[in-house]
Structure formats: structure tokens, C-alpha cells
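Shown next: structure07.cif, containing mmCIF, C-alpha atoms (C1' of nucleotides).
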data_run
#
loop_
_atom_site.label_atom_id
_atom_site.label_comp_id
_atom_site.auth_asym_id
_atom_site.auth_seq_id
_atom_site.Cartn_x
_atom_site.Cartn_y
_atom_site.Cartn_z
CA MET U 1 8.45 -9.02 10.09
CA ILE U 2 6.99 -6.29 12.25
CA PRO U 3 8.17 -6.62 15.81
CA GLU U 4 5.02 -5.63 17.62
CA GLN U 5 5.47 -6.03 21.32
CA THR U 6 4.91 -9.43 22.78
CA PRO U 7 3.86 -9.81 26.40
CA THR U 8 7.43 -10.34 27.53
CA ASP U 9 8.66 -7.28 25.66
CA ASN U 10 9.87 -4.14 27.24
CA TYR U 11 7.14 -2.23 25.54
CA CYS U 12 6.85 1.50 26.13
CA ILE U 13 4.47 2.17 28.99
CA ALA U 14 3.51 5.59 27.71
CA GLY U 15 3.20 4.50 24.11
CA ARG U 16 1.01 1.61 25.10
CA LEU U 17 -1.26 3.76 27.21
CA ARG U 18 -1.62 6.27 24.41
CA MET U 19 -2.52 3.57 21.92
CA LEU U 20 -5.06 2.03 24.26
CA ALA U 21 -6.57 5.43 24.93
CA ARG U 22 -6.89 6.11 21.20
CA VAL U 23 -8.57 2.79 20.53
CA VAL U 24 -11.02 2.96 23.39
CA THR U 25 -11.78 6.64 22.91
CA GLY U 26 -12.83 5.91 19.34
CA ARG U 27 -15.37 3.45 20.56
CA TYR U 28 -16.85 5.85 23.10
CA ASN U 29 -16.87 8.71 20.63
CA ASP U 30 -18.87 6.55 18.22
CA ALA U 31 -21.42 5.90 20.92
CA PHE U 32 -21.80 9.57 21.78
CA ALA U 33 -21.87 10.72 18.17
CA SER U 34 -25.66 10.42 18.08
CA GLU U 35 -25.77 13.21 20.67
CA GLY U 36 -23.24 15.30 18.80
CA VAL U 37 -20.67 15.21 21.58
CA THR U 38 -17.34 13.55 22.17
CA LEU U 39 -16.41 11.45 25.15
CA ALA U 40 -14.43 14.33 26.60
CA GLN U 41 -17.43 16.64 26.38
CA ALA U 42 -19.89 14.06 27.66
CA GLY U 43 -17.58 13.29 30.56
CA LEU U 44 -17.46 16.91 31.62
CA LEU U 45 -21.20 17.32 31.25
CA MET U 46 -21.81 14.29 33.44
CA ARG U 47 -19.42 15.48 36.11
CA ILE U 48 -20.89 18.95 36.21
CA PHE U 49 -24.33 17.40 36.37
CA ALA U 50 -23.23 15.37 39.37
CA GLN U 51 -21.62 18.37 41.05
CA PRO U 52 -23.17 21.64 40.00
CA GLY U 53 -20.96 24.56 40.84
CA ILE U 54 -17.71 22.64 40.59
CA ARG U 55 -14.70 24.76 39.64
CA GLN U 56 -12.48 24.31 36.63
CA ALA U 57 -9.48 23.95 38.88
CA GLN U 58 -11.10 21.07 40.70
CA LEU U 59 -12.07 19.32 37.49
CA ALA U 60 -8.57 19.84 36.17
CA LYS U 61 -7.06 18.20 39.22
CA LEU U 62 -9.59 15.38 39.22
CA LEU U 63 -8.95 14.57 35.57
CA GLN U 64 -5.28 15.49 35.59
CA ILE U 65 -5.78 17.96 32.76
CA GLU U 66 -3.85 21.21 32.53
CA LYS U 67 -5.95 24.15 33.67
CA SER U 68 -5.61 25.95 30.34
CA ALA U 69 -6.87 22.88 28.50
CA MET U 70 -9.77 22.69 30.91
CA SER U 71 -10.52 26.35 30.35
CA ARG U 72 -10.92 25.68 26.65
CA ASP U 73 -12.94 22.51 27.12
CA VAL U 74 -15.31 24.47 29.30
CA GLN U 75 -15.52 27.32 26.82
CA LEU U 76 -16.58 24.81 24.19
CA LEU U 77 -19.40 23.56 26.38
CA GLN U 78 -20.51 27.11 26.92
CA ARG U 79 -20.40 27.99 23.22
CA ASN U 80 -22.76 25.08 22.69
CA GLY U 81 -25.20 26.47 25.20
CA TRP U 82 -24.73 23.79 27.83
CA LEU U 83 -23.28 26.01 30.56
CA THR U 84 -24.53 29.16 32.18
CA ASP U 85 -22.29 32.16 31.73
CA ASN U 86 -20.94 32.44 35.26
CA ARG U 87 -17.87 30.34 34.58
CA ARG U 88 -15.76 32.05 37.20
CA ASN U 89 -18.21 31.33 40.00
CA GLY U 90 -18.36 27.62 39.40
CA LEU U 91 -19.85 25.62 36.55
CA PHE U 92 -23.58 25.14 36.14
CA LEU U 93 -25.46 23.39 33.35
CA THR U 94 -28.31 25.02 31.50
CA GLU U 95 -31.53 23.08 31.21
CA GLU U 96 -30.42 21.94 27.79
CA GLY U 97 -27.12 20.88 29.30
CA ARG U 98 -28.83 18.89 32.02
CA LEU U 99 -31.02 17.05 29.53
CA LEU U 100 -28.01 16.27 27.37
CA ALA U 101 -26.00 15.11 30.37
CA LYS U 102 -28.77 12.69 31.30
CA ARG U 103 -28.92 11.26 27.80
CA CYS U 104 -25.15 10.90 27.78
CA HIS U 105 -25.22 9.12 31.08
CA LYS U 106 -27.66 6.55 29.70
CA ILE U 107 -25.39 5.91 26.76
CA TRP U 108 -22.30 5.80 28.92
CA LYS U 109 -23.73 3.37 31.45
CA VAL U 110 -24.68 0.81 28.83
CA LEU U 111 -21.47 1.20 26.86
CA ASN U 112 -19.09 1.15 29.79
CA GLN U 113 -20.71 -1.98 31.12
CA ALA U 114 -20.56 -3.63 27.71
CA VAL U 115 -16.89 -2.77 27.39
CA ARG U 116 -16.19 -4.17 30.84
CA VAL U 117 -17.92 -7.41 29.99
CA GLU U 118 -16.11 -7.73 26.68
CA LEU U 119 -12.73 -7.12 28.23
CA GLY U 120 -13.42 -9.44 31.10
CA GLU U 121 -12.73 -9.19 34.78
CA ASP U 122 -9.03 -9.94 34.58
CA ALA U 123 -8.34 -7.20 32.06
CA VAL U 124 -10.34 -4.63 33.99
CA ASN U 125 -8.67 -5.64 37.22
CA GLY U 126 -5.36 -5.28 35.48
CA LEU U 127 -6.18 -1.71 34.56
CA THR U 128 -7.40 -1.02 38.07
CA ILE U 129 -4.19 -2.27 39.62
CA PHE U 130 -2.16 -0.21 37.21
CA SER U 131 -4.18 2.93 37.95
CA GLU U 132 -3.81 2.56 41.66
CA LYS U 133 -0.09 2.64 41.33
CA LEU U 134 -0.06 5.67 39.14
CA LEU U 135 -2.79 8.05 40.13
CA PRO U 136 -2.58 10.29 43.12
CA LYS U 137 -4.95 9.17 45.82
CA GLN U 138 -7.89 11.53 46.05
CA MET V 1 -17.19 15.14 48.85
CA ILE V 2 -15.58 14.39 45.53
CA PRO V 3 -16.48 10.95 44.32
CA GLU V 4 -13.25 9.92 42.74
CA GLN V 5 -13.41 6.35 41.65
CA THR V 6 -12.53 3.73 44.18
CA PRO V 7 -11.25 0.34 43.09
CA THR V 8 -14.71 -1.16 43.24
CA ASP V 9 -16.25 1.66 41.26
CA ASN V 10 -17.61 1.35 37.82
CA TYR V 11 -15.12 3.88 36.61
CA CYS V 12 -15.10 4.85 32.96
CA ILE V 13 -12.62 2.67 31.09
CA ALA V 14 -11.98 5.25 28.42
CA GLY V 15 -11.77 8.14 30.86
CA ARG V 16 -9.32 6.26 33.00
CA LEU V 17 -7.11 5.32 30.07
CA ARG V 18 -7.07 8.91 28.88
CA MET V 19 -6.10 10.19 32.30
CA LEU V 20 -3.34 7.62 32.66
CA ALA V 21 -2.06 8.47 29.21
CA ARG V 22 -1.96 12.18 30.07
CA VAL V 23 -0.09 11.59 33.29
CA VAL V 24 2.47 9.22 31.88
CA THR V 25 2.93 11.18 28.67
CA GLY V 26 3.87 14.22 30.71
CA ARG V 27 6.63 12.32 32.36
CA TYR V 28 8.05 11.05 29.08
CA ASN V 29 7.75 14.46 27.45
CA ASP V 30 9.77 15.95 30.30
CA ALA V 31 12.48 13.41 29.69
CA PHE V 32 12.65 14.11 25.97
CA ALA V 33 12.47 17.88 26.36
CA SER V 34 16.25 18.10 26.51
CA GLU V 35 16.29 16.86 22.91
CA GLY V 36 13.53 19.22 21.84
CA VAL V 37 11.12 16.45 20.95
CA THR V 38 7.95 14.99 22.36
CA LEU V 39 7.32 11.37 23.15
CA ALA V 40 5.21 11.04 20.02
CA GLN V 41 8.02 12.38 17.86
CA ALA V 42 10.71 10.35 19.60
CA GLY V 43 8.60 7.24 19.25
CA LEU V 44 8.28 7.70 15.51
CA LEU V 45 11.96 8.45 15.13
CA MET V 46 12.88 5.30 17.00
CA ARG V 47 10.54 3.15 14.94
CA ILE V 48 11.77 4.55 11.66
CA PHE V 49 15.32 4.03 12.86
CA ALA V 50 14.52 0.39 13.56
CA GLN V 51 12.77 -0.07 10.22
CA PRO V 52 14.03 2.30 7.58
CA GLY V 53 11.66 2.54 4.65
CA ILE V 54 8.55 1.78 6.66
CA ARG V 55 5.36 3.27 5.24
CA GLN V 56 3.04 5.68 6.96
CA ALA V 57 0.19 3.25 6.52
CA GLN V 58 2.09 0.57 8.36
CA LEU V 59 3.02 2.87 11.21
CA ALA V 60 -0.57 4.04 11.41
CA LYS V 61 -1.82 0.50 11.76
CA LEU V 62 0.90 -0.45 14.23
CA LEU V 63 0.15 2.51 16.46
CA GLN V 64 -3.59 2.60 15.78
CA ILE V 65 -3.39 6.21 14.63
CA GLU V 66 -5.56 7.58 11.85
CA LYS V 67 -3.64 7.85 8.58
CA SER V 68 -4.24 11.59 8.32
CA ALA V 69 -2.84 12.14 11.80
CA MET V 70 0.17 10.07 10.87
CA SER V 71 0.63 12.08 7.71
CA ARG V 72 0.90 15.22 9.79
CA ASP V 73 3.16 13.69 12.41
CA VAL V 74 5.48 12.65 9.63
CA GLN V 75 5.38 16.08 8.00
CA LEU V 76 6.47 17.56 11.30
CA LEU V 77 9.48 15.27 11.45
CA GLN V 78 10.34 16.27 7.93
CA ARG V 79 10.00 19.99 8.62
CA ASN V 80 12.54 19.49 11.38
CA GLY V 81 15.00 17.93 8.98
CA TRP V 82 14.85 14.43 10.40
CA LEU V 83 13.37 12.70 7.36
CA THR V 84 14.48 12.56 3.76
CA ASP V 85 12.01 13.99 1.29
CA ASN V 86 10.81 10.80 -0.33
CA ARG V 87 7.88 10.35 2.03
CA ARG V 88 5.78 8.47 -0.49
CA ASN V 89 8.41 5.81 -1.08
CA GLY V 90 8.80 4.90 2.56
CA LEU V 91 10.28 6.80 5.46
CA PHE V 92 14.01 7.27 5.90
CA LEU V 93 15.88 9.25 8.52
CA THR V 94 18.49 11.81 7.65
CA GLU V 95 21.84 11.57 9.37
CA GLU V 96 20.65 14.16 11.87
CA GLY V 97 17.52 12.11 12.37
CA ARG V 98 19.49 8.96 13.01
CA LEU V 99 21.68 10.65 15.60
CA LEU V 100 18.63 12.09 17.32
CA ALA V 101 16.86 8.75 17.27
CA LYS V 102 19.84 7.15 18.98
CA ARG V 103 19.92 9.80 21.69
CA CYS V 104 16.19 9.39 22.20
CA HIS V 105 16.56 5.68 22.50
CA LYS V 106 19.08 6.08 25.28
CA ILE V 107 16.73 8.36 27.16
CA TRP V 108 13.78 6.11 26.55
CA LYS V 109 15.51 2.96 27.68
CA VAL V 110 16.50 4.39 31.03
CA LEU V 111 13.18 6.11 31.61
CA ASN V 112 10.97 3.24 30.59
CA GLN V 113 12.87 0.89 32.85
CA ALA V 114 12.66 3.35 35.73
CA VAL V 115 8.93 3.70 35.24
CA ARG V 116 8.50 -0.04 35.17
CA VAL V 117 10.42 -0.42 38.39
CA GLU V 118 8.48 2.34 40.11
CA LEU V 119 5.16 0.93 39.07
CA GLY V 120 6.14 -2.58 40.02
CA GLU V 121 5.61 -5.89 38.35
CA ASP V 122 1.97 -6.27 39.29
CA ALA V 123 0.97 -2.95 37.83
CA VAL V 124 2.88 -3.53 34.61
CA ASN V 125 1.45 -7.03 34.31
CA GLY V 126 -1.98 -5.51 34.83
CA LEU V 127 -1.47 -3.20 31.91
CA THR V 128 -0.12 -6.05 29.81
CA ILE V 129 -3.15 -8.19 30.49
CA PHE V 130 -5.44 -5.32 29.66
CA SER V 131 -3.63 -4.61 26.40
CA GLU V 132 -3.79 -8.18 25.27
CA LYS V 133 -7.53 -8.11 25.49
CA LEU V 134 -7.89 -4.91 23.62
CA LEU V 135 -5.29 -4.67 20.93
CA PRO V 136 -5.51 -6.53 17.68
CA LYS V 137 -2.89 -9.25 17.54
CA GLN V 138 -0.15 -8.30 15.15
"C1'" DA R 1 -1.69 -1.59 -22.34
"C1'" DA R 2 -6.47 0.16 -20.39
"C1'" DT R 3 -9.13 0.57 -16.79
"C1'" DA R 4 -11.54 -0.31 -12.65
"C1'" DA R 5 -10.87 -1.08 -7.84
"C1'" DC R 6 -8.28 -0.54 -3.94
"C1'" DA R 7 -4.57 1.40 -1.03
"C1'" DA R 8 -1.88 5.28 0.41
"C1'" DG R 9 -1.37 9.88 1.28
"C1'" DT R 10 -3.04 14.79 1.82
"C1'" DT R 11 -5.91 18.67 3.14
"C1'" DG R 12 -9.91 21.13 5.42
"C1'" DC R 13 -11.89 21.44 9.57
"C1'" DA R 14 -12.53 20.51 14.37
"C1'" DT R 15 -11.36 18.97 19.19
"C1'" DA R 16 -8.02 17.82 23.03
"C1'" DT R 17 -4.09 18.86 25.07
"C1'" DA R 18 0.40 21.19 27.02
"C1'" DC R 19 3.49 25.11 28.46
"C1'" DA R 20 4.42 29.94 29.26
"C1'" DA R 21 2.95 34.26 30.25
"C1'" DC R 22 -0.49 37.04 31.57
"C1'" DT R 23 -4.86 38.81 34.18
"C1'" DT R 24 -8.23 38.31 37.62
"C1'" DT R 25 -9.84 36.64 41.91
"C1'" DT R 26 -9.31 34.99 46.47
"C1'" DT R 27 -7.08 34.66 50.77
"C1'" DG R 28 -4.17 35.27 54.64
"C1'" DT R 29 -1.92 38.51 57.49
"C1'" DA R 30 0.10 42.72 59.05
"C1'" DT G 1 -8.79 47.51 55.87
"C1'" DA G 2 -4.80 47.16 52.77
"C1'" DC G 3 -1.77 44.63 50.50
"C1'" DA G 4 1.14 40.80 49.30
"C1'" DA G 5 0.95 36.08 48.00
"C1'" DA G 6 -1.38 32.36 46.15
"C1'" DA G 7 -4.93 30.37 43.35
"C1'" DA G 8 -7.87 30.46 39.42
"C1'" DG G 9 -8.71 31.50 34.88
"C1'" DT G 10 -7.39 33.09 30.09
"C1'" DT G 11 -4.77 33.62 25.86
"C1'" DG G 12 -0.82 32.79 22.53
"C1'" DT G 13 1.35 29.20 20.39
"C1'" DA G 14 2.20 24.53 19.29
"C1'" DT G 15 1.46 19.44 18.90
"C1'" DA G 16 -1.62 15.23 18.55
"C1'" DT G 17 -5.51 13.47 16.95
"C1'" DG G 18 -10.04 12.18 14.23
"C1'" DC G 19 -13.41 12.32 10.24
"C1'" DA G 20 -14.64 13.43 5.49
"C1'" DA G 21 -13.38 14.34 1.12
"C1'" DC G 22 -10.11 14.50 -2.09
"C1'" DT G 23 -5.80 13.15 -4.92
"C1'" DT G 24 -2.27 10.08 -6.07
"C1'" DG G 25 -0.37 5.69 -6.59
"C1'" DT G 26 -0.74 0.46 -7.06
"C1'" DT G 27 -2.65 -3.73 -8.55
"C1'" DA G 28 -5.47 -7.03 -10.70
"C1'" DT G 29 -8.15 -8.28 -14.66
"C1'" DT G 30 -9.36 -8.18 -19.12
#
Once you've parsed the file, please lay out its structure as C-alpha cells.
Amino acid sequence: MIPEQTPTDNYCIAGRLRMLARVVTGRYNDAFASEGVTLAQAGLLMRIFAQPGIRQAQLAKLLQIEKSAMSRDVQLLQRNGWLTDNRRNGLFLTEEGRLLAKRCHKIWKVLNQAVRVELGEDAVNGLTIFSEKLLPKQ
Amino acid sequence: MIPEQTPTDNYCIAGRLRMLARVVTGRYNDAFASEGVTLAQAGLLMRIFAQPGIRQAQLAKLLQIEKSAMSRDVQLLQRNGWLTDNRRNGLFLTEEGRLLAKRCHKIWKVLNQAVRVELGEDAVNGLTIFSEKLLPKQ
DNA sequence: AATAACAAGTTGCATATACAACTTTTTGTA
DNA sequence: TACAAAAAGTTGTATATGCAACTTGTTATT
């Protein structure tokens, strides 16, 4: 008898979030695999596309990622030829990067909407309410 | 003008879950730091304490972690002297492991309750509703 | 018991992430 | 302008995680 958490359980908030993130990330990674990128990479590409010149520090704060982790994520994008080489003056996509970002956005839009529909309004609202309590207002 | 997601936004479900997991994980890791373990390690220790002899495959399914990742998480526990060396016949804590698991459980119980109180019932219920839609029933 | 099929576990390789310590850049102020 | 302080970025080191391919162990069927 495996005591997986029932709704009334005192389940671990962090453990639950990590499990949910793993499950959902897998789904998004599958969708982006055709473009040879992960969700994390696609997400950065799309944000830099939307805000050319954004700084690592700002992205790090926005995504609540440690600056050193962001530094490496950005280096990976650059190694793949998606960023120009002026990292320290703000981040800019190459033409190849811009084209990829656009393709990723198409994939993301369809997928994210599909996931929202599958989960249903109540579930998504539940996540929204939770987020609002936890994330620093921007 | 940074377009952080507002409640009515079509924010990325996966991106949001990952950010929440990072934020909350940091808090739990801080709490466990005094014992020299991470949340992931403490979580495994506590589960093995509760179910001595559990298999990696079962833990992997329970936590929705890939079996190879679980293999490595378990190896780490063993390197630290918290698991007996019969990994392939089920997982068992050493005496040191059991003592550590108990200390971690004390920390976890207080912290998880504090986090729940801080977040409030609505937020926690929101997460619960979300989880129920996403996670396979066990 | 033999073997084929399946399940469990491991290893190679890669990304995502954190903390600490360090370097470089920017900024505010004397 | 010069310089001290703060911010931004990088690197060393470690954990957490996934996929593919492989090995080992288990089970069902003949």
C-alpha cells in the first residue's frame, strides 16, 4: 500500500511543485524537440525576441534563476549561434535565433493553449492563485 | 516595460511551475542545509524511512522521476553512508541514515506547515486542485 | 530447466540549476 | 575626474534531471 498523498494530506509543497514541474516540462520538451531545443532554451529565445537587449540580470530576476545559472544558459544559446557575441551589452538574437524564436513561439502557443484546455479552468485558476501568493510582484 | 504575467495572462504553465519550484525549493534547501542535505535528498531519506525495502523503480514512479536519475540520486545517498549496499534488493537506511531521516522529518514538518500557513488555504487548495488534474492517480 | 520477454538498474552524455568566490562593469559621490 | 561601492557577469564545483543504450535480473511459457 503506497501512501501517495490524498487531497487532504499534508503533502510537501516543494516536493509537489517539483513533481509537477518535471511532468509538465517533459511534455513541453517533447513539443520543442522537433526544433532541437528544450523548453528552457525556447523560453529564453522567446523572451529575448520580445525584448532585444535585455540583460542577464533582468532575465534572472524575472525567472527567479540564479545569475550564474542564467550566465550558462545564455552561453549555451550563444554556442548554438542564436545570440550575437555582445553578451555584456545586453542580449540580441542573430537572424537564425530570431527565426527559431518565431517557430518556437508557434509551437508554444498551440501547446500552452492545449494544456490549459486539458487541465481546465479550475486547475489553471488554482495555479494562478498559488502563484500570486508566492511570486514577488513585478 | 517588462511584461510579467498578470493573472489574466496566458502565462506559460510549464514556465510558471518551474519558477515556483525553483523559488520554493530554495526555501526548503535552506532549511535542510543545517543537516548537509538538499530537499531532494531529505525527501528520499524520509520515504525510504517510511518504507524500508522500497525499490528505485517504485520511487521513480511515485515521484515521476526518470529511473536513471533515481539511480544516481540513490547512489549519492549511498556514497554518503545513508544506505546499505544492497541497492538491487530494495533500499534500506543505515543507522546513520535513519537518524538523519528523523531529523529531516522534524525540520520538514515545521517548515511545510509554516509554508502552508504563509501561503494560506486558498493558495494551497489551488495547488491541490491543479495537481489532481495533472498527476496520475496512485 | 531453457529461453524469450519484460522489468529494473546502470552508464554515457547533455542540460538546468545553485552557491561561493572571483572579475569586470557601472554608478554615485567626494 | 577619481575612487569606492554596488551591480553584473563568470567560473569552480556540485546536485538534479532526462534520453538512449546497455546490462542485469525476473517471470512466464513451453
So that I can check the surroundings of DT24 of chain G, please list as a short mmCIF file (atom, residue, chain, number, x, y, z; two decimals) with C-alpha atoms (C1' of nucleotides), in the frame of the given file every protein, DNA and RNA residue that reaches within 10 Å of it, counting all atoms listed in the file and ignoring chain neighbours fewer than 5 positions away.
data_model
loop_
_atom_site.label_atom_id
_atom_site.label_comp_id
_atom_site.auth_asym_id
_atom_site.auth_seq_id
_atom_site.Cartn_x
_atom_site.Cartn_y
_atom_site.Cartn_z
CA ARG V 88 5.78 8.47 -0.49
"C1'" DA R 8 -1.88 5.28 0.41
"C1'" DG R 9 -1.37 9.88 1.28
"C1'" DT R 10 -3.04 14.79 1.82
#
If the PyMOL selection byres ((chain G) within 12 of (chain U)) were run on this exact file, what residues would it hold? Put them as a count of residues only. 10
Nearest to chain R, chosen from V:Leu135, V:Ile107, V:Leu44, V:Val74, with only C-alpha atoms (C1' of nucleotides) counted in the distances: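 Selected residue with least distance to chain R: V:Val74.
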How many Å separate atom CA of Leu134 of chain V from atom CA of Tyr11 of chain V?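 That distance, rounded to one decimal, is 17.3 Å.
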One decimal, Å: what's the distance from atom C1' of DG25 of chain G over to atom C1' of DT3 of chain R, could you say?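 It comes out at 14.4 Å.
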Would you mind completing segment 50-63 of chain U so that it carries N, CA and C atoms, and writing it out as a CSV table (one decimal), in the frame of the given file?
chain,number,residue,atom,x,y,z
U,50,ALA,N,-23.3,16.0,38.1
U,50,ALA,CA,-23.2,15.4,39.4
U,50,ALA,C,-22.8,16.4,40.5
U,51,GLN,N,-22.1,17.4,40.1
U,51,GLN,CA,-21.6,18.4,41.0
U,51,GLN,C,-21.8,19.8,40.5
U,52,PRO,N,-23.0,20.3,40.5
U,52,PRO,CA,-23.2,21.6,40.0
U,52,PRO,C,-22.3,22.6,40.8
U,53,GLY,N,-21.8,23.6,40.1
U,53,GLY,CA,-21.0,24.6,40.8
U,53,GLY,C,-19.5,24.2,41.0
U,54,ILE,N,-19.1,23.0,40.5
U,54,ILE,CA,-17.7,22.6,40.6
U,54,ILE,C,-16.9,23.6,39.8
U,55,ARG,N,-15.6,23.8,40.3
U,55,ARG,CA,-14.7,24.8,39.6
U,55,ARG,C,-13.8,24.1,38.6
U,56,GLN,N,-13.4,24.8,37.6
U,56,GLN,CA,-12.5,24.3,36.6
U,56,GLN,C,-11.2,23.7,37.3
U,57,ALA,N,-10.7,24.4,38.3
U,57,ALA,CA,-9.5,24.0,38.9
U,57,ALA,C,-9.7,22.6,39.5
U,58,GLN,N,-10.9,22.4,40.1
U,58,GLN,CA,-11.1,21.1,40.7
U,58,GLN,C,-11.2,20.0,39.7
U,59,LEU,N,-12.0,20.3,38.6
U,59,LEU,CA,-12.1,19.3,37.5
U,59,LEU,C,-10.7,19.0,36.9
U,60,ALA,N,-9.9,20.0,36.8
U,60,ALA,CA,-8.6,19.8,36.2
U,60,ALA,C,-7.7,18.9,37.0
U,61,LYS,N,-7.8,19.1,38.3
U,61,LYS,CA,-7.1,18.2,39.2
U,61,LYS,C,-7.6,16.8,39.2
U,62,LEU,N,-8.9,16.7,39.2
U,62,LEU,CA,-9.6,15.4,39.2
U,62,LEU,C,-9.2,14.6,38.0
U,63,LEU,N,-9.2,15.3,36.8
U,63,LEU,CA,-9.0,14.6,35.6
U,63,LEU,C,-7.5,14.6,35.1
